[in-house]
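So this one's final15.tsv, TSV, C-alpha atoms:
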chain	number	residue	atom	x	y	z
A	2	MET	CA	-30.32	-13.31	10.28
A	3	ALA	CA	-29.92	-15.75	7.41
A	4	HIS	CA	-33.71	-16.00	7.09
A	5	HIS	CA	-34.14	-12.24	6.63
A	6	VAL	CA	-31.22	-11.90	4.20
A	7	ARG	CA	-32.50	-14.78	2.06
A	8	ALA	CA	-36.00	-13.29	2.12
A	9	THR	CA	-34.51	-10.10	0.67
A	10	ILE	CA	-32.77	-12.14	-2.04
A	11	ALA	CA	-36.04	-13.90	-2.90
A	12	GLU	CA	-37.89	-10.58	-3.17
A	13	GLY	CA	-35.33	-9.12	-5.56
A	14	VAL	CA	-35.13	-11.75	-8.28
A	15	GLU	CA	-36.28	-9.24	-10.90
A	16	GLY	CA	-35.04	-5.68	-11.39
A	17	THR	CA	-32.38	-3.83	-9.42
A	18	ARG	CA	-31.17	-5.73	-6.39
A	19	ARG	CA	-31.86	-3.97	-3.08
A	20	PRO	CA	-28.90	-2.85	-0.95
A	21	ILE	CA	-28.41	-4.64	2.35
A	22	ILE	CA	-26.86	-2.63	5.19
A	23	ALA	CA	-25.34	-4.59	8.08
A	24	ILE	CA	-25.00	-2.43	11.22
A	25	VAL	CA	-22.13	-4.04	13.10
A	26	ASP	CA	-21.77	-3.83	16.87
A	27	VAL	CA	-21.02	-7.39	17.94
A	28	ALA	CA	-18.88	-8.09	21.01
A	29	SER	CA	-18.65	-11.79	20.08
A	30	GLN	CA	-20.81	-14.78	19.39
A	31	ALA	CA	-22.24	-16.54	22.46
A	32	TYR	CA	-19.72	-19.30	23.01
A	33	GLY	CA	-20.09	-22.16	25.44
A	34	ARG	CA	-20.99	-25.82	25.70
A	35	LEU	CA	-24.74	-25.18	25.50
A	36	GLU	CA	-24.39	-22.95	22.43
A	37	GLU	CA	-22.24	-25.57	20.73
A	38	LEU	CA	-24.79	-28.30	21.45
A	39	LEU	CA	-27.54	-26.12	20.01
A	40	GLY	CA	-25.52	-25.60	16.81
A	41	ILE	CA	-24.29	-22.02	16.99
A	42	HIS	CA	-21.63	-22.91	14.41
A	43	LEU	CA	-24.42	-23.78	11.97
A	44	ALA	CA	-26.26	-20.53	12.70
A	45	CYS	CA	-23.11	-18.44	12.14
A	46	ALA	CA	-22.30	-20.34	8.95
A	47	ALA	CA	-25.85	-19.87	7.67
A	48	ALA	CA	-25.65	-16.11	8.20
A	49	ALA	CA	-22.26	-15.81	6.48
A	50	ASP	CA	-23.51	-17.92	3.57
A	51	ALA	CA	-26.65	-15.80	3.22
A	52	TYR	CA	-24.67	-12.55	3.07
A	53	ALA	CA	-22.24	-14.06	0.53
A	54	SER	CA	-25.15	-15.35	-1.56
A	55	ALA	CA	-26.75	-11.89	-1.53
A	56	ARG	CA	-23.49	-10.27	-2.63
A	57	LEU	CA	-22.97	-12.77	-5.45
A	58	ALA	CA	-26.59	-12.33	-6.55
A	59	GLY	CA	-25.94	-8.63	-7.12
A	60	HIS	CA	-27.18	-7.08	-3.88
A	61	PRO	CA	-24.79	-4.34	-2.70
A	62	VAL	CA	-23.97	-5.50	0.84
A	63	ILE	CA	-22.48	-2.74	2.99
A	64	ALA	CA	-21.20	-3.23	6.54
A	65	LEU	CA	-21.22	-0.18	8.81
A	66	LEU	CA	-19.02	-0.66	11.88
A	67	VAL	CA	-20.31	1.46	14.74
A	68	GLY	CA	-18.96	-0.56	17.68
A	69	LYS	CA	-17.13	-3.81	18.28
A	70	ALA	CA	-16.65	-6.29	15.44
A	71	MET	CA	-15.23	-9.29	17.23
A	72	SER	CA	-14.63	-12.96	16.63
A	73	GLY	CA	-17.01	-15.23	14.73
A	74	ALA	CA	-19.84	-12.75	15.20
A	75	PHE	CA	-18.17	-10.37	12.71
A	76	LEU	CA	-17.54	-13.24	10.29
A	77	ALA	CA	-21.25	-14.07	10.45
A	78	HIS	CA	-22.51	-10.48	10.34
A	79	GLY	CA	-20.70	-7.95	8.20
A	80	TYR	CA	-17.45	-9.44	6.93
A	81	GLN	CA	-19.01	-10.80	3.72
A	82	ALA	CA	-19.97	-7.28	2.64
A	83	ASN	CA	-18.89	-5.80	-0.69
A	84	ARG	CA	-17.70	-2.72	1.18
A	85	ILE	CA	-16.92	-2.09	4.86
A	86	ILE	CA	-17.32	1.41	6.34
A	87	ALA	CA	-16.26	2.21	9.91
A	88	LEU	CA	-16.65	5.17	12.23
A	89	ASP	CA	-13.32	6.55	13.40
A	90	SER	CA	-13.91	6.05	17.11
A	91	PRO	CA	-12.06	4.40	20.03
A	92	GLU	CA	-15.23	2.37	20.57
A	93	VAL	CA	-14.91	0.70	17.17
A	94	MET	CA	-12.68	-2.36	17.40
A	95	VAL	CA	-11.96	-5.33	15.13
A	96	HIS	CA	-10.20	-8.52	16.21
A	97	ALA	CA	-10.46	-12.30	16.34
A	98	MET	CA	-11.02	-12.26	20.12
A	99	GLY	CA	-11.34	-9.88	23.04
A	100	LYS	CA	-8.24	-8.57	24.79
A	101	GLN	CA	-8.87	-10.58	27.95
A	102	ALA	CA	-9.38	-13.82	26.01
A	103	ALA	CA	-6.31	-13.18	23.85
A	104	ALA	CA	-4.24	-12.51	26.96
A	105	ARG	CA	-5.36	-15.82	28.51
A	106	VAL	CA	-4.62	-17.80	25.35
A	107	THR	CA	-1.15	-16.28	24.94
A	108	ARG	CA	-0.46	-16.26	28.71
A	109	SER	CA	0.20	-12.54	28.51
A	110	SER	CA	-1.27	-9.51	30.19
A	111	VAL	CA	-3.74	-7.19	28.52
A	112	GLU	CA	-1.08	-4.47	28.63
A	113	GLU	CA	1.37	-6.73	26.76
A	114	MET	CA	-1.26	-7.44	24.11
A	115	GLU	CA	-1.83	-3.72	23.64
A	116	LYS	CA	1.91	-3.08	23.24
A	117	LEU	CA	2.10	-5.89	20.68
A	118	GLY	CA	-0.67	-4.21	18.71
A	119	GLU	CA	1.34	-0.98	18.61
A	120	ARG	CA	4.12	-2.80	16.73
A	121	ILE	CA	2.10	-5.25	14.63
A	122	ALA	CA	-1.00	-3.81	12.94
A	123	PRO	CA	-2.92	-7.13	12.56
A	124	MET	CA	-2.63	-7.66	16.31
A	125	ALA	CA	-4.10	-4.26	17.18
A	126	TYR	CA	-7.72	-3.63	18.13
A	127	ASP	CA	-8.22	0.00	17.12
A	128	ILE	CA	-9.97	0.78	13.86
A	129	ARG	CA	-7.15	2.95	12.49
A	130	SER	CA	-4.77	-0.01	12.63
A	131	TYR	CA	-7.39	-2.16	10.93
A	132	ALA	CA	-7.73	0.46	8.20
A	133	LYS	CA	-4.01	0.08	7.45
A	134	LEU	CA	-4.68	-3.48	6.26
A	135	GLY	CA	-6.68	-2.20	3.29
A	136	LEU	CA	-9.92	-3.90	4.27
A	137	LEU	CA	-12.03	-0.77	4.75
A	138	HIS	CA	-13.77	1.14	1.99
A	139	LYS	CA	-13.90	4.26	4.14
A	140	LEU	CA	-13.01	5.40	7.66
A	141	VAL	CA	-15.50	8.13	8.56
A	142	GLU	CA	-14.10	10.74	10.92
A	143	GLY	CA	-15.80	13.26	13.16
A	144	ILE	CA	-19.04	11.38	13.86
A	145	ASP	CA	-20.53	11.43	17.37
A	146	ALA	CA	-21.82	7.86	17.44
A	147	ASP	CA	-23.34	8.13	20.93
A	148	ALA	CA	-25.34	11.27	20.19
A	149	PRO	CA	-25.36	11.83	16.43
A	150	GLY	CA	-26.70	15.14	15.16
A	151	ARG	CA	-28.50	15.72	11.90
A	152	ASN	CA	-25.25	16.46	10.09
A	153	ASP	CA	-23.74	13.20	11.40
A	154	VAL	CA	-26.71	11.20	10.12
A	155	ASP	CA	-26.58	12.91	6.73
A	156	ARG	CA	-22.84	12.29	6.39
A	157	VAL	CA	-23.11	8.59	7.21
A	158	ARG	CA	-26.08	8.21	4.87
A	159	ALA	CA	-24.07	9.86	2.08
A	160	GLU	CA	-21.16	7.49	2.73
A	161	LEU	CA	-23.52	4.50	2.53
A	162	VAL	CA	-24.93	5.73	-0.78
A	163	ASP	CA	-21.38	6.20	-2.11
A	164	ALA	CA	-20.44	2.67	-1.01
A	165	ILE	CA	-23.55	1.22	-2.64
A	166	THR	CA	-22.73	2.99	-5.90
A	167	ASP	CA	-19.13	1.79	-5.74
A	168	ALA	CA	-20.24	-1.79	-5.03
A	169	ARG	CA	-22.65	-1.78	-7.96
A	170	ALA	CA	-19.86	-0.62	-10.27
A	171	GLY	CA	-17.36	-3.21	-9.02
A	172	ALA	CA	-17.07	-6.97	-9.02
A	173	SER	CA	-19.20	-9.11	-6.72
A	174	ASP	CA	-16.16	-10.81	-5.19
A	175	LEU	CA	-13.90	-9.46	-2.42
A	176	ALA	CA	-10.76	-8.99	-4.51
A	177	CYS	CA	-10.77	-5.25	-3.79
A	178	ARG	CA	-9.52	-6.05	-0.30
A	179	LEU	CA	-6.24	-7.23	-1.83
A	180	THR	CA	-5.78	-4.55	-4.48
A	181	SER	CA	-6.06	-1.36	-2.44
A	182	PRO	CA	-2.83	0.62	-1.87
A	183	ALA	CA	-2.95	-0.13	1.87
A	184	ALA	CA	-3.38	-3.86	1.25
A	185	ARG	CA	-0.50	-3.96	-1.23
A	186	LYS	CA	1.74	-2.37	1.38
A	187	MET	CA	0.63	-4.08	4.61
A	188	ARG	CA	-0.43	-7.46	3.20
A	189	ALA	CA	2.27	-7.99	0.60
A	190	ALA	CA	3.28	-11.37	2.03
A	191	SER	CA	-0.30	-12.61	2.10
A	192	ILE	CA	-0.82	-11.48	-1.51
A	193	GLU	CA	2.37	-13.27	-2.58
A	194	VAL	CA	1.28	-16.49	-0.85
A	195	ARG	CA	-2.05	-16.34	-2.71
A	196	ARG	CA	-0.22	-15.78	-6.00
A	197	ARG	CA	2.03	-18.78	-5.48
A	198	LEU	CA	-0.85	-21.01	-4.40
A	199	ALA	CA	-2.81	-20.03	-7.52
A	200	GLU	CA	0.26	-20.72	-9.65
A	201	GLN	CA	0.74	-24.17	-8.13
A	202	TRP	CA	-2.97	-24.93	-8.48
A	203	ARG	CA	-2.91	-24.07	-12.19
A	204	SER	CA	0.22	-26.20	-12.64
A	205	ALA	CA	-1.46	-29.16	-10.92
A	206	GLU	CA	-4.55	-28.77	-13.10
A	207	GLN	CA	-2.46	-28.75	-16.27
A	208	SER	CA	-0.65	-31.89	-15.08
A	209	ASP	CA	-3.98	-33.64	-14.52
A	210	VAL	CA	-5.13	-32.72	-18.02
A	211	ARG	CA	-1.94	-34.05	-19.61
A	212	SER	CA	-2.13	-37.30	-17.66

Written as structure tokens, how would this file's structure read?
Amino acid sequence: MAHHVRATIAEGVEGTRRPIIAIVDVASQAYGRLEELLGIHLACAAAADAYASARLAGHPVIALLVGKAMSGAFLAHGYQANRIIALDSPEVMVHAMGKQAAARVTRSSVEEMEKLGERIAPMAYDIRSYAKLGLLHKLVEGIDADAPGRNDVDRVRAELVDAITDARAGASDLACRLTSPAARKMRAASIEVRRRLAEQWRSAEQSDVRS
């Protein structure tokens, strides 16, 4: 993945940077002793770095969530996008780990994990709860992902074009994920922590200069 993204970057040094569309349907990264020995962490990091490099180089990177976006696989493929679009479907899910794995780690049942998600949006799996966090550019409703018709294809294509245009007009960083109305409401504590950390960092830098 990193190889192909970096090849696109190399081809677009001059002129308008080509858009990169990441179609996201990743249940998880392969995770086991063999994969660790073979360096899967390096492969995932290389992919994430390539997408970030493309975004910072001016390529509009758009992630289209059409299925699961789970665990490190989503971090490696899609999360570094300028804009994230998702289909409004029960099949589209975003989370750090699968329900069964989360239940084992927390020594809870899958049913208990689902009830927790109903009360705490960041713990939920459904895409509508994820949208409440302010991380999506658009939640596209009414698309039959399993058997899309011509109108479905045209609608999604139009949304991708809109996201590309919006990304070109905006900054190349990911600050928009903290400034949306939904983010300001649902992630207020996280935003405040970032503000205080930045304030302390600036204060420490000024102290170093004076000393």

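The closest residue to Gly73 (chain A), picked from A:Cys45, A:Ala168, A:Ala51, A:Ala176 and counting only C-alpha atoms, is A:Cys45.
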
Using only C-alpha atoms, find each residue in region 131-154 of chain A having at least one atom no more than 8 Å away from region 89-94 of chain A; report its shortest atom-to-atom pair and that distance in Å (one decimal), rows by chain then rising number, as a Markdown table.
| residue | atom | partner | partner_atom | distance |
| --- | --- | --- | --- | --- |
| A:Leu140 | CA | A:Asp89 | CA | 5.9 |
| A:Val141 | CA | A:Asp89 | CA | 5.5 |
| A:Glu142 | CA | A:Asp89 | CA | 4.9 |
| A:Gly143 | CA | A:Asp89 | CA | 7.2 |
| A:Ile144 | CA | A:Asp89 | CA | 7.5 |

Quick one: everything within 9 Å of region 155-159 of chain A, counting all atoms listed in the file, minus sequence neighbours fewer than 4 positions away in the same chain. Send it as a VMD selection string.
chain A and resid 88 141 144 150 to 151 163 to 164

Would you give the centre and edge lengths, in Å to one decimal, of a box along x, y and z around the listed atoms of region 68-77 of chain A, with 5 Å added to each side, as lines of an AutoDock Vina configuration file?
center_x = -17.9
center_y = -7.9
center_z = 14.3
size_x = 16.6
size_y = 24.7
size_z = 18.0

Selection near region 74-84 of chain A, 7 Å with only C-alpha atoms, sequence-local residues under 5 positions removed, as a ChimeraX atom specification
/A:23,25,27,29-30,45-46,48-49,52-53,56,61-64,137-138,164,168,173,175

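Minimum atom-to-atom distances from A:Glu113, A:Ser181, A:Met71, A:Ala8 to Asp127 (chain A) were compared using all atoms listed in the file, and the lowest value belongs to A:Met71.
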
Which of these, A:Leu179, A:Ala205, A:Arg105, A:Leu43, has the shortest distance to Glu193 (chain A) once you count all atoms listed in the file?
A:Leu179

Enter the distance from CA of Glu15 (chain A) to CA of Arg169 (chain A), in Å, rounded to one decimal.
15.8 Å

Between A:Leu161, A:Ala31, A:Val106, A:Ile121, smallest distance to Leu65 (chain A) by all atoms listed in the file belongs to A:Leu161

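You will find CA of Met2 (chain A) at 13.1 Å from CA of Ser54 (chain A).
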
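Shortest separation to Val6 (chain A) among A:Asp167, A:Glu37, A:Glu200, A:Asp50 occurs at residue A:Asp50, atoms counted being all atoms listed in the file.
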
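Coordinates place CA of Ile21 (chain A) at a distance of 10.6 Å from CA of Gly59 (chain A).
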
Test item: residues at most 9 Å from Gly99 (chain A), only C-alpha atoms, excluding those fewer than 3 positions along its chain, as number ranges by chain:
A: 28-29, 71-72, 96, 102-104, 126

Fewer than 2 positions away in the same chain doesn't count, so skip those; otherwise give me all residues within 10 Å of Ala184 (chain A), counting all atoms listed in the file, as a PDB file with C-alpha atoms, in the coordinates of the input.
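For reference, result.pdb as written:
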ATOM      1  CA  ALA A 132      -7.730   0.460   8.200  1.00  0.00           C
ATOM      2  CA  LYS A 133      -4.010   0.080   7.450  1.00  0.00           C
ATOM      3  CA  LEU A 134      -4.680  -3.480   6.260  1.00  0.00           C
ATOM      4  CA  GLY A 135      -6.680  -2.200   3.290  1.00  0.00           C
ATOM      5  CA  LEU A 136      -9.920  -3.900   4.270  1.00  0.00           C
ATOM      6  CA  LEU A 137     -12.030  -0.770   4.750  1.00  0.00           C
ATOM      7  CA  CYS A 177     -10.770  -5.250  -3.790  1.00  0.00           C
ATOM      8  CA  ARG A 178      -9.520  -6.050  -0.300  1.00  0.00           C
ATOM      9  CA  LEU A 179      -6.240  -7.230  -1.830  1.00  0.00           C
ATOM     10  CA  THR A 180      -5.780  -4.550  -4.480  1.00  0.00           C
ATOM     11  CA  SER A 181      -6.060  -1.360  -2.440  1.00  0.00           C
ATOM     12  CA  PRO A 182      -2.830   0.620  -1.870  1.00  0.00           C
ATOM     13  CA  LYS A 186       1.740  -2.370   1.380  1.00  0.00           C
ATOM     14  CA  MET A 187       0.630  -4.080   4.610  1.00  0.00           C
ATOM     15  CA  ARG A 188      -0.430  -7.460   3.200  1.00  0.00           C
ATOM     16  CA  ALA A 189       2.270  -7.990   0.600  1.00  0.00           C
ATOM     17  CA  SER A 191      -0.300 -12.610   2.100  1.00  0.00           C
ATOM     18  CA  ILE A 192      -0.820 -11.480  -1.510  1.00  0.00           C
TER      19      ILE A 192
END
